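J.: My file is coords-v7.pdb. It has PDB, C-alpha atoms, pLDDT in the B column:
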ATOM      1  CA  MET H 209       7.731 203.791  -9.477  1.00 82.00           C
ATOM      2  CA  PRO H 210       8.359 200.425  -7.857  1.00 86.00           C
ATOM      3  CA  LYS H 211       5.633 197.782  -8.106  1.00 86.00           C
ATOM      4  CA  GLY H 212       5.787 197.159  -4.350  1.00 88.00           C
ATOM      5  CA  TYR H 213       7.679 197.831  -1.167  1.00 93.00           C
ATOM      6  CA  SER H 214      11.100 196.335  -0.460  1.00 94.00           C
ATOM      7  CA  ALA H 215      11.695 193.831   2.331  1.00 95.00           C
ATOM      8  CA  THR H 216      13.417 196.598   4.307  1.00 95.00           C
ATOM      9  CA  GLN H 217      10.483 198.975   3.884  1.00 95.00           C
ATOM     10  CA  ILE H 218       8.062 196.273   5.025  1.00 96.00           C
ATOM     11  CA  ALA H 219      10.220 195.316   8.022  1.00 97.00           C
ATOM     12  CA  LEU H 220      10.536 198.961   9.073  1.00 97.00           C
ATOM     13  CA  HIS H 221       6.783 199.490   8.717  1.00 97.00           C
ATOM     14  CA  TRP H 222       5.963 196.567  11.014  1.00 97.00           C
ATOM     15  CA  ALA H 223       8.763 197.432  13.455  1.00 98.00           C
ATOM     16  CA  VAL H 224       7.299 200.934  13.839  1.00 97.00           C
ATOM     17  CA  VAL H 225       3.809 199.462  14.282  1.00 97.00           C
ATOM     18  CA  ILE H 226       5.064 197.224  17.101  1.00 97.00           C
ATOM     19  CA  LEU H 227       7.074 200.025  18.719  1.00 97.00           C
ATOM     20  CA  ILE H 228       4.149 202.471  18.618  1.00 97.00           C
ATOM     21  CA  ALA H 229       1.794 199.857  20.091  1.00 96.00           C
ATOM     22  CA  ALA H 230       4.293 199.165  22.881  1.00 96.00           C
ATOM     23  CA  GLN H 231       4.688 202.898  23.509  1.00 96.00           C
ATOM     24  CA  PHE H 232       0.934 203.229  23.993  1.00 92.00           C
ATOM     25  CA  LEU H 233       0.536 200.084  26.069  1.00 91.00           C
ATOM     26  CA  PHE H 234       3.459 200.693  28.387  1.00 88.00           C
ATOM     27  CA  SER H 235       3.488 204.474  28.804  1.00 92.00           C
ATOM     28  CA  GLY H 236       2.341 204.398  32.429  1.00 91.00           C
ATOM     29  CA  SER H 237       5.842 204.216  33.920  1.00 91.00           C
ATOM     30  CA  ILE H 238       7.152 207.310  32.215  1.00 94.00           C
ATOM     31  CA  SER H 239       3.928 209.266  32.777  1.00 93.00           C
ATOM     32  CA  ALA H 240       4.033 208.531  36.490  1.00 93.00           C
ATOM     33  CA  ALA H 241       7.743 209.350  36.664  1.00 93.00           C
ATOM     34  CA  TYR H 242       7.234 212.625  34.785  1.00 93.00           C
ATOM     35  CA  ASP H 243       4.538 213.628  37.269  1.00 92.00           C
ATOM     36  CA  ARG H 244       6.764 212.715  40.232  1.00 93.00           C
ATOM     37  CA  VAL H 245       9.669 214.738  38.819  1.00 91.00           C
ATOM     38  CA  GLY H 246       7.279 217.656  38.312  1.00 88.00           C
ATOM     39  CA  ASP H 247       6.426 217.396  42.022  1.00 90.00           C
ATOM     40  CA  GLY H 248      10.134 217.673  42.880  1.00 90.00           C
ATOM     41  CA  ALA H 249      10.976 213.999  43.369  1.00 91.00           C
ATOM     42  CA  VAL H 250      14.189 212.467  42.128  1.00 90.00           C
ATOM     43  CA  VAL H 251      13.391 209.556  39.839  1.00 90.00           C
ATOM     44  CA  GLY H 252      15.982 206.952  38.995  1.00 88.00           C
ATOM     45  CA  PRO H 253      15.996 204.922  35.831  1.00 89.00           C
ATOM     46  CA  SER H 254      13.581 202.015  35.596  1.00 91.00           C
ATOM     47  CA  VAL H 255      12.913 199.395  32.955  1.00 93.00           C
ATOM     48  CA  GLY H 256       9.681 201.169  31.963  1.00 92.00           C
ATOM     49  CA  ILE H 257      11.328 204.573  31.603  1.00 94.00           C
ATOM     50  CA  ILE H 258      14.323 203.233  29.688  1.00 95.00           C
ATOM     51  CA  ALA H 259      12.072 201.155  27.421  1.00 95.00           C
ATOM     52  CA  HIS H 260       9.830 204.140  26.634  1.00 96.00           C
ATOM     53  CA  VAL H 261      12.734 206.484  25.903  1.00 96.00           C
ATOM     54  CA  ALA H 262      14.562 203.847  23.826  1.00 97.00           C
ATOM     55  CA  GLY H 263      11.345 202.985  22.001  1.00 97.00           C
ATOM     56  CA  GLY H 264      10.723 206.635  21.161  1.00 97.00           C
ATOM     57  CA  ILE H 265      14.258 207.053  19.855  1.00 97.00           C
ATOM     58  CA  ALA H 266      13.849 203.865  17.791  1.00 98.00           C
ATOM     59  CA  VAL H 267      10.568 205.159  16.302  1.00 98.00           C
ATOM     60  CA  LEU H 268      12.327 208.395  15.325  1.00 98.00           C
ATOM     61  CA  LEU H 269      15.330 206.597  13.790  1.00 98.00           C
ATOM     62  CA  PHE H 270      13.155 204.092  11.928  1.00 98.00           C
ATOM     63  CA  ALA H 271      10.943 206.927  10.647  1.00 97.00           C
ATOM     64  CA  MET H 272      14.047 208.686   9.324  1.00 97.00           C
ATOM     65  CA  TRP H 273      15.202 205.480   7.657  1.00 98.00           C
ATOM     66  CA  ARG H 274      11.758 204.872   6.164  1.00 96.00           C
ATOM     67  CA  LEU H 275      11.582 208.399   4.787  1.00 96.00           C
ATOM     68  CA  MET H 276      15.070 208.117   3.262  1.00 96.00           C
ATOM     69  CA  LEU H 277      14.075 204.831   1.603  1.00 95.00           C
ATOM     70  CA  ARG H 278      10.851 206.358   0.355  1.00 93.00           C
ATOM     71  CA  GLN H 279      12.786 209.283  -1.117  1.00 94.00           C
ATOM     72  CA  SER H 280      15.459 207.125  -2.758  1.00 95.00           C
ATOM     73  CA  ARG H 281      13.414 204.091  -3.800  1.00 93.00           C
ATOM     74  CA  GLY H 282       9.939 205.517  -4.025  1.00 90.00           C
ATOM     75  CA  ALA H 283       6.643 203.929  -3.145  1.00 90.00           C
ATOM     76  CA  PRO H 284       4.214 202.034  -5.343  1.00 90.00           C
ATOM     77  CA  ASP H 285       1.401 203.963  -6.955  1.00 89.00           C
ATOM     78  CA  VAL H 286      -2.035 203.921  -5.389  1.00 88.00           C
ATOM     79  CA  PRO H 287      -4.205 201.351  -7.208  1.00 88.00           C
ATOM     80  CA  THR H 288      -6.022 202.861 -10.182  1.00 87.00           C
ATOM     81  CA  THR H 289      -9.358 201.705  -8.764  1.00 87.00           C
ATOM     82  CA  THR H 290      -8.947 204.020  -5.767  1.00 91.00           C
ATOM     83  CA  PRO H 291     -11.480 206.881  -5.905  1.00 92.00           C
ATOM     84  CA  PRO H 292      -9.916 210.384  -6.130  1.00 94.00           C
ATOM     85  CA  VAL H 293     -11.113 211.438  -2.675  1.00 95.00           C
ATOM     86  CA  MET H 294      -9.438 208.355  -1.181  1.00 92.00           C
ATOM     87  CA  ARG H 295      -6.218 209.123  -3.098  1.00 93.00           C
ATOM     88  CA  THR H 296      -6.164 212.601  -1.587  1.00 96.00           C
ATOM     89  CA  ALA H 297      -6.952 211.262   1.890  1.00 95.00           C
ATOM     90  CA  SER H 298      -4.220 208.654   1.500  1.00 94.00           C
ATOM     91  CA  HIS H 299      -1.636 211.248   0.515  1.00 94.00           C
ATOM     92  CA  TRP H 300      -2.394 213.620   3.369  1.00 97.00           C
ATOM     93  CA  GLY H 301      -2.854 210.776   5.845  1.00 97.00           C
ATOM     94  CA  HIS H 302       0.624 209.477   5.040  1.00 96.00           C
ATOM     95  CA  VAL H 303       2.096 212.987   5.281  1.00 97.00           C
ATOM     96  CA  ALA H 304       0.463 213.432   8.702  1.00 98.00           C
ATOM     97  CA  ILE H 305       1.607 210.025   9.973  1.00 98.00           C
ATOM     98  CA  TYR H 306       5.196 210.646   8.883  1.00 97.00           C
ATOM     99  CA  ALA H 307       5.141 214.106  10.492  1.00 98.00           C
ATOM    100  CA  LEU H 308       3.832 212.657  13.747  1.00 98.00           C
ATOM    101  CA  LEU H 309       6.435 209.865  13.703  1.00 98.00           C
ATOM    102  CA  PHE H 310       8.961 212.701  14.020  1.00 98.00           C
ATOM    103  CA  ILE H 311       7.104 215.218  16.191  1.00 98.00           C
ATOM    104  CA  VAL H 312       5.727 212.833  18.835  1.00 98.00           C
ATOM    105  CA  PRO H 313       9.115 211.325  19.799  1.00 98.00           C
ATOM    106  CA  MET H 314      10.841 214.715  19.650  1.00 98.00           C
ATOM    107  CA  SER H 315       8.202 216.353  21.851  1.00 98.00           C
ATOM    108  CA  GLY H 316       8.545 213.439  24.262  1.00 97.00           C
ATOM    109  CA  MET H 317      12.308 213.910  24.443  1.00 97.00           C
ATOM    110  CA  VAL H 318      11.959 217.655  25.032  1.00 98.00           C
ATOM    111  CA  ALA H 319       9.329 216.946  27.709  1.00 97.00           C
ATOM    112  CA  TRP H 320      11.365 214.271  29.488  1.00 96.00           C
ATOM    113  CA  PHE H 321      14.921 215.596  29.203  1.00 95.00           C
ATOM    114  CA  GLY H 322      13.955 219.268  29.419  1.00 95.00           C
ATOM    115  CA  GLN H 323      11.079 218.851  31.884  1.00 93.00           C
ATOM    116  CA  ASN H 324       9.074 221.084  29.585  1.00 96.00           C
ATOM    117  CA  PRO H 325       5.333 221.076  30.370  1.00 96.00           C
ATOM    118  CA  GLN H 326       4.362 222.532  26.971  1.00 98.00           C
ATOM    119  CA  ALA H 327       6.256 219.764  25.176  1.00 98.00           C
ATOM    120  CA  ALA H 328       4.621 217.208  27.480  1.00 97.00           C
ATOM    121  CA  GLN H 329       1.167 218.540  26.612  1.00 97.00           C
ATOM    122  CA  THR H 330       2.028 218.541  22.913  1.00 98.00           C
ATOM    123  CA  HIS H 331       3.251 214.950  23.260  1.00 98.00           C
ATOM    124  CA  VAL H 332       0.026 213.836  24.949  1.00 96.00           C
ATOM    125  CA  VAL H 333      -2.237 215.520  22.399  1.00 98.00           C
ATOM    126  CA  LEU H 334      -0.280 214.426  19.333  1.00 98.00           C
ATOM    127  CA  LYS H 335       0.080 210.816  20.458  1.00 96.00           C
ATOM    128  CA  SER H 336      -3.733 210.707  20.502  1.00 96.00           C
ATOM    129  CA  VAL H 337      -3.843 212.197  17.008  1.00 98.00           C
ATOM    130  CA  LEU H 338      -1.315 209.553  15.894  1.00 98.00           C
ATOM    131  CA  LEU H 339      -3.538 206.832  17.335  1.00 96.00           C
ATOM    132  CA  VAL H 340      -6.567 208.165  15.434  1.00 97.00           C
ATOM    133  CA  LEU H 341      -4.565 208.317  12.195  1.00 97.00           C
ATOM    134  CA  ALA H 342      -3.221 204.796  12.750  1.00 97.00           C
ATOM    135  CA  VAL H 343      -6.749 203.462  13.240  1.00 97.00           C
ATOM    136  CA  GLY H 344      -7.819 205.293  10.070  1.00 96.00           C
ATOM    137  CA  HIS H 345      -4.819 203.830   8.227  1.00 96.00           C
ATOM    138  CA  VAL H 346      -5.781 200.295   9.271  1.00 96.00           C
ATOM    139  CA  GLY H 347      -9.408 200.981   8.341  1.00 96.00           C
ATOM    140  CA  ALA H 348      -8.371 202.202   4.900  1.00 94.00           C
ATOM    141  CA  ALA H 349      -6.194 199.125   4.346  1.00 94.00           C
ATOM    142  CA  LEU H 350      -9.109 196.879   5.300  1.00 94.00           C
ATOM    143  CA  LEU H 351     -11.423 198.860   3.029  1.00 93.00           C
ATOM    144  CA  HIS H 352      -9.025 198.254   0.139  1.00 92.00           C
ATOM    145  CA  GLN H 353      -8.805 194.572   0.993  1.00 92.00           C
ATOM    146  CA  PHE H 354     -12.480 193.753   1.491  1.00 94.00           C
ATOM    147  CA  TRP H 355     -14.415 196.413  -0.467  1.00 93.00           C
ATOM    148  CA  LEU H 356     -12.178 197.513  -3.316  1.00 91.00           C
ATOM    149  CA  LYS H 357     -10.438 194.099  -3.443  1.00 92.00           C
ATOM    150  CA  ASP H 358      -7.378 195.632  -5.070  1.00 91.00           C
ATOM    151  CA  GLY H 359      -4.660 193.711  -3.214  1.00 87.00           C
ATOM    152  CA  LEU H 360      -3.247 196.837  -1.575  1.00 87.00           C
ATOM    153  CA  LEU H 361      -2.944 195.137   1.814  1.00 87.00           C
ATOM    154  CA  LEU H 362      -0.564 192.519   0.407  1.00 89.00           C
ATOM    155  CA  ARG H 363       1.974 195.241  -0.406  1.00 89.00           C
ATOM    156  CA  MET H 364       2.967 195.300   3.274  1.00 90.00           C
ATOM    157  CA  ALA H 365       3.174 191.496   3.406  1.00 89.00           C
ATOM    158  CA  ARG H 366       5.167 190.543   0.312  1.00 90.00           C
ATOM    159  CA  PRO H 367       8.300 192.372  -0.782  1.00 91.00           C
ATOM    160  CA  ARG H 368       8.711 193.306  -4.412  1.00 83.00           C
ATOM    161  CA  ASP H 369      12.263 194.528  -4.756  1.00 69.00           C
TER     162      ASP H 369
END
Could I get this structure in the form of structure tokens?
T.:
Amino acid sequence: MPKGYSATQIALHWAVVILIAAQFLFSGSISAAYDRVGDGAVVGPSVGIIAHVAGGIAVLLFAMWRLMLRQSRGAPDVPTTTPPVMRTASHWGHVAIYALLFIVPMSGMVAWFGQNPQAAQTHVVLKSVLLVLAVGHVGAALLHQFWLKDGLLLRMARPRD
């Protein structure tokens, strides 16, 4: 197991964080356009729509890249001071986040390009689940930093190739 994450893994992590935040903050354009198309209107491309679609594709591609790196390079072990219940939560939380980094963009693409209402509903529900998991992920990192004081947070700040 590596002692830390590589510079590429760290850069991809923060790029996905920024992209996901932007997707949440600037989703109004595509939501409004999707509703207008559903009402029979013809909607041309706009900066907001293009940015949301491109951002979703980027999240999907970066998630693929991150998963390939994780499979080939590995990830550092959870600190030994981490209680067993937190280890289990960490494992399944990461599995769920990775799954959603694939499913949310794909459901969005099916919704937008296929005008599929079920995919749109799935997208809306799962993006909320992703937000909850992301908040939990940040909370866990802060818990490690300030309660367990095990230096876990620094792993996403300093590469250890």
J.: Find the residues around Met272 (chain H) up to 10 Å (all atoms listed in the file counted), leave out those fewer than 5 positions away in its own chain, and share them as a PDB file with C-alpha atoms, keeping the file's coordinate frame.
T.:
ATOM      1  CA  ALA H 266      13.849 203.865  17.791  1.00 98.00           C
ATOM      2  CA  VAL H 267      10.568 205.159  16.302  1.00 98.00           C
ATOM      3  CA  LEU H 277      14.075 204.831   1.603  1.00 95.00           C
ATOM      4  CA  ARG H 278      10.851 206.358   0.355  1.00 93.00           C
ATOM      5  CA  TYR H 306       5.196 210.646   8.883  1.00 97.00           C
ATOM      6  CA  LEU H 309       6.435 209.865  13.703  1.00 98.00           C
ATOM      7  CA  PHE H 310       8.961 212.701  14.020  1.00 98.00           C
TER       8      PHE H 310
END
J.: Could you check the closest approach to Met364 (chain H) for each of H:Gly264, H:Phe270, H:Trp300, H:Pro284 and tell me which residue wins, using all atoms listed in the file?
T.: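 Nearest to Met364 (chain H): H:Pro284.
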J.: List the residues selected by the PyMOL selection byres ((chain H and resi 338) around 10) in the file shown, writing them as a list in words.
T.: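 In the shown coordinates, the PyMOL selection byres ((chain H and resi 338) around 10) covers Ile228, Ala304, Ile305, Tyr306, Ala307, Leu308, Leu309, Val312, Val333, Leu334, Lys335, Ser336, Val337, Leu339, Val340, Leu341, Ala342, Val343 and Gly344 of chain H.
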J.: Could you tell me which residues the PyMOL selection byres ((chain H and resi 346-354) around 12) grabs in this file, written as JSON, numbers by chain?
T.: {"H": [225, 286, 287, 288, 289, 290, 291, 294, 295, 297, 298, 301, 302, 339, 340, 341, 342, 343, 344, 345, 355, 356, 357, 358, 359, 360, 361, 362, 363, 364]}
J.: Return the single residue from H:His260, H:His221, H:Arg366, H:Lys211 that is closest to Phe234 (chain H), with distances computed using only C-alpha atoms.
T.: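 Ranked by minimum distance to Phe234 (chain H), first place goes to H:His260.
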J.: Name every residue that the PyMOL selection byres ((chain H and resi 261) around 12) selects in this structure, writing the answer as a PyMOL selection string with chains first and numbers rising.
T.: chain H and resi 227-228+230-231+234-235+237-239+253-260+262-268+312-321
J.: Could you state the separation of CA of Arg274 (chain H) and CA of Ile226 (chain H) in Å, given to one decimal place?
T.: 14.9 Å
J.: Of the candidates H:Val293, H:Ala271, H:Ala249, H:Val332, which shows the shortest atom-to-atom distance to Val224 (chain H), using all atoms listed in the file?
T.: H:Ala271
J.: For a test of reading the model, state the distance in Å between CA of Gln329 (chain H) and CA of Asp247 (chain H), rounded to one decimal.
T.: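 Computed distance, CA of Gln329 (chain H) to CA of Asp247 (chain H), equals 16.3 Å.
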J.: Nearest to Ala328 (chain H) among H:Gln279, H:Gln217, H:Leu233, H:Asp243, with distances taken over only C-alpha atoms: which residue is it?
T.: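 Going through H:Gln279, H:Gln217, H:Leu233, H:Asp243 one by one, the smallest distance to Ala328 (chain H) is for H:Asp243.
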J.: Would you compute an axis-aligned box for region 333-342 of chain H, covering every atom listed for it in the file with 6 Å of margin on each side, and report centre and edge lengths in Å to one decimal as lines of an AutoDock Vina configuration file?
T.:
center_x = -3.2
center_y = 210.2
center_z = 17.3
size_x = 18.6
size_y = 22.7
size_z = 22.2
J.: Please measure the separation of CA of Ala223 (chain H) and CA of Asp285 (chain H), giving the value in Å to one decimal.
T.: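 Separation of CA of Ala223 (chain H) and CA of Asp285 (chain H): 22.7 Å.
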J.: Nearest residue to Gly212 (chain H) out of H:Arg281, H:Leu275, H:Ala241, H:His331, using all atoms listed in the file?
T.: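 Result for the nearest residue to Gly212 (chain H): H:Arg281.
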J.: Please determine, counting all atoms listed in the file, which residue among H:Pro292, H:Pro210, H:Gly236, H:Gly322 has the shortest atom-to-atom distance to Arg368 (chain H).
T.: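 Residue with the minimum atom-to-atom distance to Arg368 (chain H): H:Pro210.
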J.: With N, CA and C atoms as the target, complete region 234-270 of chain H and hand it back as a compact mmCIF listing (two decimals), keeping the file's coordinate frame.
T.:
# COMPACT_ATOMS: atom_id res chain seq x y z
N PHE H 234 2.58 200.66 27.22
CA PHE H 234 3.46 200.69 28.39
C PHE H 234 3.94 202.10 28.73
N SER H 235 3.09 203.09 28.52
CA SER H 235 3.49 204.47 28.80
C SER H 235 3.27 204.89 30.26
N GLY H 236 2.65 204.04 31.05
CA GLY H 236 2.34 204.40 32.43
C GLY H 236 3.56 204.74 33.27
N SER H 237 4.64 203.99 33.11
CA SER H 237 5.84 204.22 33.92
C SER H 237 6.41 205.61 33.71
N ILE H 238 6.54 206.01 32.47
CA ILE H 238 7.15 207.31 32.22
C ILE H 238 6.20 208.43 32.57
N SER H 239 4.91 208.24 32.39
CA SER H 239 3.93 209.27 32.78
C SER H 239 3.97 209.50 34.28
N ALA H 240 3.98 208.41 35.03
CA ALA H 240 4.03 208.53 36.49
C ALA H 240 5.35 209.17 36.94
N ALA H 241 6.44 208.78 36.30
CA ALA H 241 7.74 209.35 36.66
C ALA H 241 7.80 210.84 36.32
N TYR H 242 7.24 211.21 35.18
CA TYR H 242 7.23 212.62 34.78
C TYR H 242 6.46 213.45 35.81
N ASP H 243 5.33 212.93 36.26
CA ASP H 243 4.54 213.63 37.27
C ASP H 243 5.30 213.74 38.59
N ARG H 244 5.99 212.68 38.98
CA ARG H 244 6.76 212.72 40.23
C ARG H 244 7.90 213.73 40.14
N VAL H 245 8.59 213.77 39.00
CA VAL H 245 9.67 214.74 38.82
C VAL H 245 9.09 216.15 38.88
N GLY H 246 7.94 216.35 38.27
CA GLY H 246 7.28 217.66 38.31
C GLY H 246 6.93 218.09 39.72
N ASP H 247 6.72 217.10 40.61
CA ASP H 247 6.43 217.40 42.02
C ASP H 247 7.69 217.55 42.85
N GLY H 248 8.87 217.46 42.18
CA GLY H 248 10.13 217.67 42.88
C GLY H 248 10.85 216.40 43.30
N ALA H 249 10.32 215.26 42.99
CA ALA H 249 10.98 214.00 43.37
C ALA H 249 12.14 213.70 42.42
N VAL H 250 13.09 212.96 42.95
CA VAL H 250 14.19 212.47 42.13
C VAL H 250 13.82 211.06 41.69
N VAL H 251 13.81 210.84 40.39
CA VAL H 251 13.39 209.56 39.84
C VAL H 251 14.59 208.90 39.16
N GLY H 252 14.90 207.70 39.62
CA GLY H 252 15.98 206.95 38.99
C GLY H 252 15.47 206.19 37.79
N PRO H 253 16.41 205.68 37.02
CA PRO H 253 16.00 204.92 35.83
C PRO H 253 15.27 203.64 36.21
N SER H 254 14.30 203.27 35.41
CA SER H 254 13.58 202.02 35.60
C SER H 254 13.45 201.36 34.23
N VAL H 255 13.08 200.11 34.21
CA VAL H 255 12.91 199.40 32.96
C VAL H 255 11.86 200.10 32.09
N GLY H 256 10.75 200.51 32.71
CA GLY H 256 9.68 201.17 31.96
C GLY H 256 10.12 202.48 31.34
N ILE H 257 10.86 203.27 32.11
CA ILE H 257 11.33 204.57 31.60
C ILE H 257 12.33 204.36 30.47
N ILE H 258 13.30 203.50 30.71
CA ILE H 258 14.32 203.23 29.69
C ILE H 258 13.68 202.67 28.42
N ALA H 259 12.74 201.75 28.58
CA ALA H 259 12.07 201.16 27.42
C ALA H 259 11.30 202.21 26.63
N HIS H 260 10.61 203.12 27.34
CA HIS H 260 9.83 204.14 26.63
C HIS H 260 10.75 205.11 25.90
N VAL H 261 11.81 205.56 26.55
CA VAL H 261 12.73 206.48 25.90
C VAL H 261 13.41 205.80 24.71
N ALA H 262 13.90 204.58 24.92
CA ALA H 262 14.56 203.85 23.83
C ALA H 262 13.58 203.57 22.69
N GLY H 263 12.36 203.23 23.03
CA GLY H 263 11.34 202.98 22.00
C GLY H 263 11.05 204.23 21.19
N GLY H 264 10.96 205.37 21.86
CA GLY H 264 10.72 206.64 21.16
C GLY H 264 11.87 206.99 20.23
N ILE H 265 13.09 206.79 20.70
CA ILE H 265 14.26 207.05 19.86
C ILE H 265 14.26 206.11 18.66
N ALA H 266 13.91 204.84 18.89
CA ALA H 266 13.85 203.86 17.79
C ALA H 266 12.79 204.26 16.77
N VAL H 267 11.61 204.71 17.23
CA VAL H 267 10.57 205.16 16.30
C VAL H 267 11.11 206.30 15.44
N LEU H 268 11.78 207.25 16.06
CA LEU H 268 12.33 208.40 15.32
C LEU H 268 13.37 207.94 14.30
N LEU H 269 14.29 207.08 14.71
CA LEU H 269 15.33 206.60 13.79
C LEU H 269 14.74 205.77 12.65
N PHE H 270 13.79 204.90 12.98
CA PHE H 270 13.16 204.09 11.93
C PHE H 270 12.34 204.97 10.98
